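Peer 1: Okay, handing you the structure first.
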Amino acid sequence: MKTITKQQIKQAAQQAYDDVKGLSGGKNADYIPFLADIDPALFALSVVLPDGDRIDLGDHEYRFGIESVSKVPTALLVMKQSGSQALLDKIGADATGLPFNSIFAILLENDHPSTPLVNAGAITACSMVTPTGDSSAKWKAIVDNITDLCGSAPVLLDQLYKSESATNYNNRSITWLLRNYNRIYDDPDMSLDLYTRQCSLGVTSSQLAAMAGTIANAGVNPVTGKQVFDAAMMPQIVSLIATVGFYEHTGDWLYTAGIPAKSGVGGGILGVLPGLLGIAAFAPPLDSAGNSVKGQAAVKSFVRQLGLGVFNGENIRIVD
């Protein structure tokens with residue numbers, strides 16, 4: 001068994017942060033006006049270990065839009081409320097290989113929305129949150145679940161929510177196309193609004209790392225000690241993250257980084273090494289697929305320095 005020390009983890013995180021903080025490239029998401037105006041120089045890296053120890057570097061207290069990373073906790077919420085089989089039957093678990101907001105993917109696979117980690121499947125997931133027909137109760141369930149995973153509450157960024165709502169024409173098309181195929185299980189407008197609102201929640205890299213750490217720790221939040229979801233769901237949610245976390249660049253990401261991770265156009269990245277640690281990065285400029293350029297580089301640097309990765313075939317233990 002390979003062992004790594006907490007000091008090695010701290011050094012690797014600091015080195016990754018230092019190596020990447022001056023990196024340029026990419027641009028903010030400009031199709032959402034609020035995101036276009038975020039300072040592109042913001043950068044944070046956070047790590048959470050199973051015993052609750054954490055490493056926070058850079059702008060780790062800055063609240064940014066969680067965006068598509070919110071698809072992970074809502075998929076978990078649907079699994080908690082309705083079971084893993086219901087999520088598989090009503091949404092699916094297949095990568096589309098297409099952009100996250102693809103309408104063509106729905107036309108190709110009209111029998112299901114493919115995965116809860118692209119826009120179509122995430123809107124369907126919001127429609128599956130119970131209780132049916134009660135927007136306020138559904139919203140509370142979504143926020144409470146994210147709070148449990150992070151160990152602290154997110155904050156709705158009202159300006160982002162308004163900006164998203166005013167420009168979500170493509171998602172409106174997706175929603176009604178799903179309704180045409182009977183793949184929305186509650187009011188379509190309500191489901192889209194819930195999805196838009198959850199994407200507009202503000203989180204910090206520290207909170208996102210705690211969420212990643214909770215997933216890596218088989219559902220137990222390392223910071224609060226609360227069992228947030230059943231341990232049997234951990235490999236299922238990690239498999240979803242691994243297969244579509246970076247959309248059409250997911251294969252390249254896994255090939256080069258070796259860690260299941262989920263990105264969002266707000267600049268956040270959540271990474272999970274099951275049984276070992278959770279990591280999060282934040283930097284607004286994105287590549288062509290909507291993934292943080294600096295965030296990807298930081299996470300890759302961290303895992304490479306420590307020789308980590310889900311495909312390495314090694315048993316690894318963290319020691320003091």
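We label chains A, B, ... in the order they appear in the structure tokens, count residues from 1 in each chain, and number ligands from 1 in the order shown.
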Which residues are near A:Ala93? Cut-off 7 Å, only C-alpha atoms, ignore same chain within fewer than 5 positions. Put them as a compact mmCIF listing (two decimals) with all heavy atoms, in the first residue's frame.
Peer 2:
```txt
# COMPACT_ATOMS: atom_id res chain seq x y z
N LEU A 88 -32.08 6.09 -13.36
CA LEU A 88 -31.62 5.40 -14.57
C LEU A 88 -32.75 5.23 -15.57
O LEU A 88 -32.58 5.45 -16.77
CB LEU A 88 -31.03 4.04 -14.19
CG LEU A 88 -30.38 3.24 -15.32
CD1 LEU A 88 -29.15 3.97 -15.86
CD2 LEU A 88 -29.98 1.85 -14.82
N SER A 114 -30.58 11.08 -21.43
CA SER A 114 -29.20 10.60 -21.45
C SER A 114 -28.50 10.58 -20.10
O SER A 114 -27.98 9.56 -19.66
CB SER A 114 -28.33 11.36 -22.46
OG SER A 114 -28.80 11.15 -23.75
N THR A 115 -28.42 11.72 -19.40
CA THR A 115 -27.70 11.80 -18.13
C THR A 115 -28.16 13.03 -17.35
O THR A 115 -28.46 14.06 -17.97
CB THR A 115 -26.18 11.88 -18.36
OG1 THR A 115 -25.52 12.24 -17.12
CG2 THR A 115 -25.82 12.90 -19.41
N LEU A 240 -21.23 8.79 -12.89
CA LEU A 240 -21.84 9.85 -13.70
C LEU A 240 -20.86 10.99 -13.91
O LEU A 240 -20.72 11.52 -15.03
CB LEU A 240 -23.11 10.37 -13.02
CG LEU A 240 -24.32 9.44 -12.99
CD1 LEU A 240 -25.42 10.03 -12.12
CD2 LEU A 240 -24.84 9.17 -14.39
```
Peer 1: Among stretch 98-258 of chain A, which residues carry a DSSP assignment of strand (DSSP E), reported as a list in words?
Peer 2: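 Answer for stretch 98-258 of chain A restricted to strand (DSSP E) is Val155, Leu156, Leu201, Gly202 and Val203 of chain A.
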Peer 1: Next, write the just-selected residues to a file, as a compact mmCIF listing (two decimals), in the first residue's frame, keeping N, CA, C and O atoms as the atom set.
Peer 2:
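Result file follows (result38.txt):
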```txt
# COMPACT_ATOMS: atom_id res chain seq x y z
N VAL A 155 -25.77 30.58 -1.21
CA VAL A 155 -26.55 31.82 -1.23
C VAL A 155 -27.00 32.09 -2.66
O VAL A 155 -26.18 32.06 -3.59
N LEU A 156 -28.29 32.33 -2.84
CA LEU A 156 -28.78 32.64 -4.18
C LEU A 156 -28.23 33.98 -4.64
O LEU A 156 -28.38 35.00 -3.96
N LEU A 201 -27.03 29.55 -7.59
CA LEU A 201 -26.58 29.55 -6.20
C LEU A 201 -25.09 29.90 -6.12
O LEU A 201 -24.29 29.44 -6.95
N GLY A 202 -24.74 30.71 -5.16
CA GLY A 202 -23.34 31.07 -4.95
C GLY A 202 -22.69 30.18 -3.92
O GLY A 202 -23.22 29.98 -2.83
N VAL A 203 -21.54 29.64 -4.27
CA VAL A 203 -20.75 28.79 -3.37
C VAL A 203 -19.30 29.24 -3.41
O VAL A 203 -18.88 29.96 -4.31
```
Peer 1: I'd like to know which of A:Ser136, A:Asn315, A:Thr224, A:Thr147 is closest to A:Leu77, using only C-alpha atoms.
Peer 2: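 Checking each candidate against A:Leu77, we get A:Thr147 as the closest.
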Peer 1: Neighbours of stretch 1-5 of chain A within 6 Å (only C-alpha atoms; same-chain residues fewer than 4 positions away dropped), as a PyMOL selection string?
Peer 2: chain A and resi 315-320
Peer 1: I need the residues from that last selection saved to file as a compact mmCIF listing (two decimals), in the first residue's frame (with all heavy atoms), if you can.
Peer 2:
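Below you can see selection.txt, which holds the result:
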```txt
# COMPACT_ATOMS: atom_id res chain seq x y z
N ASN A 315 -3.52 1.01 -3.96
CA ASN A 315 -4.19 1.32 -2.72
C ASN A 315 -3.39 2.42 -2.02
O ASN A 315 -2.20 2.25 -1.77
CB ASN A 315 -4.31 0.09 -1.81
CG ASN A 315 -5.24 -0.95 -2.37
OD1 ASN A 315 -6.28 -0.61 -2.91
ND2 ASN A 315 -4.88 -2.22 -2.25
N ILE A 316 -4.05 3.53 -1.72
CA ILE A 316 -3.37 4.68 -1.15
C ILE A 316 -4.00 5.04 0.19
O ILE A 316 -5.23 5.05 0.32
CB ILE A 316 -3.43 5.89 -2.12
CG1 ILE A 316 -2.74 5.53 -3.45
CG2 ILE A 316 -2.76 7.12 -1.50
CD1 ILE A 316 -2.88 6.59 -4.51
N ARG A 317 -3.17 5.36 1.14
CA ARG A 317 -3.64 5.75 2.46
C ARG A 317 -2.98 7.06 2.85
O ARG A 317 -1.77 7.26 2.62
CB ARG A 317 -3.32 4.66 3.49
CG ARG A 317 -3.83 4.92 4.91
CD ARG A 317 -3.76 3.64 5.73
NE ARG A 317 -2.40 3.14 5.82
CZ ARG A 317 -1.58 3.39 6.85
NH1 ARG A 317 -2.00 4.15 7.86
NH2 ARG A 317 -0.36 2.89 6.88
N ILE A 318 -3.75 7.95 3.44
CA ILE A 318 -3.23 9.22 3.93
C ILE A 318 -2.83 9.05 5.39
O ILE A 318 -3.60 8.53 6.20
CB ILE A 318 -4.26 10.35 3.79
CG1 ILE A 318 -4.63 10.57 2.32
CG2 ILE A 318 -3.74 11.65 4.40
CD1 ILE A 318 -5.77 11.54 2.11
N VAL A 319 -1.61 9.48 5.70
CA VAL A 319 -1.14 9.40 7.09
C VAL A 319 -0.70 10.79 7.54
O VAL A 319 -0.42 11.67 6.73
CB VAL A 319 0.05 8.40 7.22
CG1 VAL A 319 -0.40 6.99 6.86
CG2 VAL A 319 1.24 8.83 6.34
N ASP A 320 -0.65 10.96 8.84
CA ASP A 320 -0.20 12.24 9.40
C ASP A 320 1.28 12.47 9.17
O ASP A 320 1.73 13.58 8.96
CB ASP A 320 -0.51 12.31 10.88
CG ASP A 320 -2.00 12.42 11.17
OD1 ASP A 320 -2.72 13.02 10.35
OD2 ASP A 320 -2.45 11.89 12.19
```
Peer 1: From the set A:Ala210, A:Ala257, A:Ala281, A:Leu35, which residue has the shortest atom-to-atom contact distance to A:Lys162, counting only C-alpha atoms?
Peer 2: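 With only C-alpha atoms as the atom set, the closest residue is A:Leu35.
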Peer 1: Please provide as a VMD selection string all residues within 9 Å of A:Ile32, with the sequence filter that same-chain residues fewer than 4 positions apart are discarded (counting only C-alpha atoms).
Peer 2: chain A and resid 36 160 163 to 164 166 to 168
Peer 1: With C-alpha atoms kept, could you save the residues just selected as a compact mmCIF listing (two decimals), in the first residue's frame?
Peer 2:
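Just written: part.txt:
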```txt
# COMPACT_ATOMS: atom_id res chain seq x y z
CA ALA A 36 -19.09 37.97 -18.33
CA LEU A 160 -27.14 35.89 -11.69
CA SER A 163 -29.43 37.26 -15.84
CA GLU A 164 -29.87 33.53 -16.45
CA ALA A 166 -33.55 36.53 -19.11
CA THR A 167 -31.25 34.64 -21.48
CA ASN A 168 -32.16 30.94 -21.11
```
Peer 1: Can you build me a table of stretch 234-308 of chain A residues sitting at most 8 Å from stretch 50-56 of chain A, with the closest atom pair per residue and its distance in Å to one decimal, using only C-alpha atoms, sorted by chain and residue number, as JSON lines?
Peer 2:
```
{"residue": "A:Gly275", "atom": "CA", "partner": "A:Pro50", "partner_atom": "CA", "distance": 7.5}
{"residue": "A:Leu276", "atom": "CA", "partner": "A:Pro50", "partner_atom": "CA", "distance": 6.7}
{"residue": "A:Leu277", "atom": "CA", "partner": "A:Pro50", "partner_atom": "CA", "distance": 6.2}
```
Peer 1: If you run DSSP on the backbone here, which positions in stretch 213-267 of chain A get alpha helix (DSSP H)? Please write them as an MDAnalysis selection string.
Peer 2: chainID A and resid 213:216 234:244 250:257
Peer 1: For A:Gln159, work out the shell of residues within 10 Å, counting only C-alpha atoms and skipping chain neighbours fewer than 6 positions away, then give it as a list in words.
Peer 2: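 Counting only C-alpha atoms, the residues come to Pro33, Phe34, Leu35, Ser165 and Ser200 of chain A.
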Peer 1: Work out how far apart atom CA of A:Gln207 and atom CA of A:Val299 are and give it in Å to one decimal.
Peer 2: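 Interatomic distance, atom CA of A:Gln207 to atom CA of A:Val299: 16.3 Å.
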Peer 1: Fewer than 2 positions away in the same chain doesn't count, so skip those; otherwise give me all residues within 8 Å of A:Asp287, counting only C-alpha atoms, as a list in words.
Peer 2: Gly25, Gly26, Lys27, Pro285, Ala289, Gly290, Asn291, Ser292 and Val293 of chain A
Peer 1: I want to know what sits within 10 Å of A:Lys80, based on only C-alpha atoms, with residues of the same chain fewer than 4 positions away left out; could you give that as a ChimeraX atom specification?
Peer 2: /A:74-76,84,87,129,145,228-230,233
Peer 1: Go through A:Thr124, A:Gln305, A:Gln198, A:Thr130 one by one, measure the shortest atom-to-atom distance of each to A:Asp158 using only C-alpha atoms, and give the residue with the smallest value.
Peer 2: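 The shortest atom-to-atom distance to A:Asp158 comes from A:Gln198.
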Peer 1: Residues of stretch 211-298 of chain A that approach stretch 38-42 of chain A to 10 Å or less, counting only C-alpha atoms: could you list each one with the shortest pair of atoms and its distance in Å to one decimal, rows by chain and increasing residue number, as a Markdown table?
Peer 2:
```
| residue | atom | partner | partner_atom | distance |
| --- | --- | --- | --- | --- |
| A:Gly266 | CA | A:Ile38 | CA | 9.0 |
| A:Gly267 | CA | A:Pro40 | CA | 9.4 |
| A:Phe282 | CA | A:Leu42 | CA | 7.6 |
| A:Ala283 | CA | A:Leu42 | CA | 5.7 |
| A:Pro284 | CA | A:Pro40 | CA | 5.4 |
| A:Pro285 | CA | A:Pro40 | CA | 6.0 |
| A:Leu286 | CA | A:Pro40 | CA | 9.7 |
| A:Lys294 | CA | A:Ala41 | CA | 9.9 |
```
Peer 1: Which of these, A:Leu308, A:Val272, A:Leu23, A:Cys150, has the shortest distance to A:Ile66 once you count only C-alpha atoms?
Peer 2: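 Going through A:Leu308, A:Val272, A:Leu23, A:Cys150 one by one, the smallest distance to A:Ile66 is for A:Cys150.
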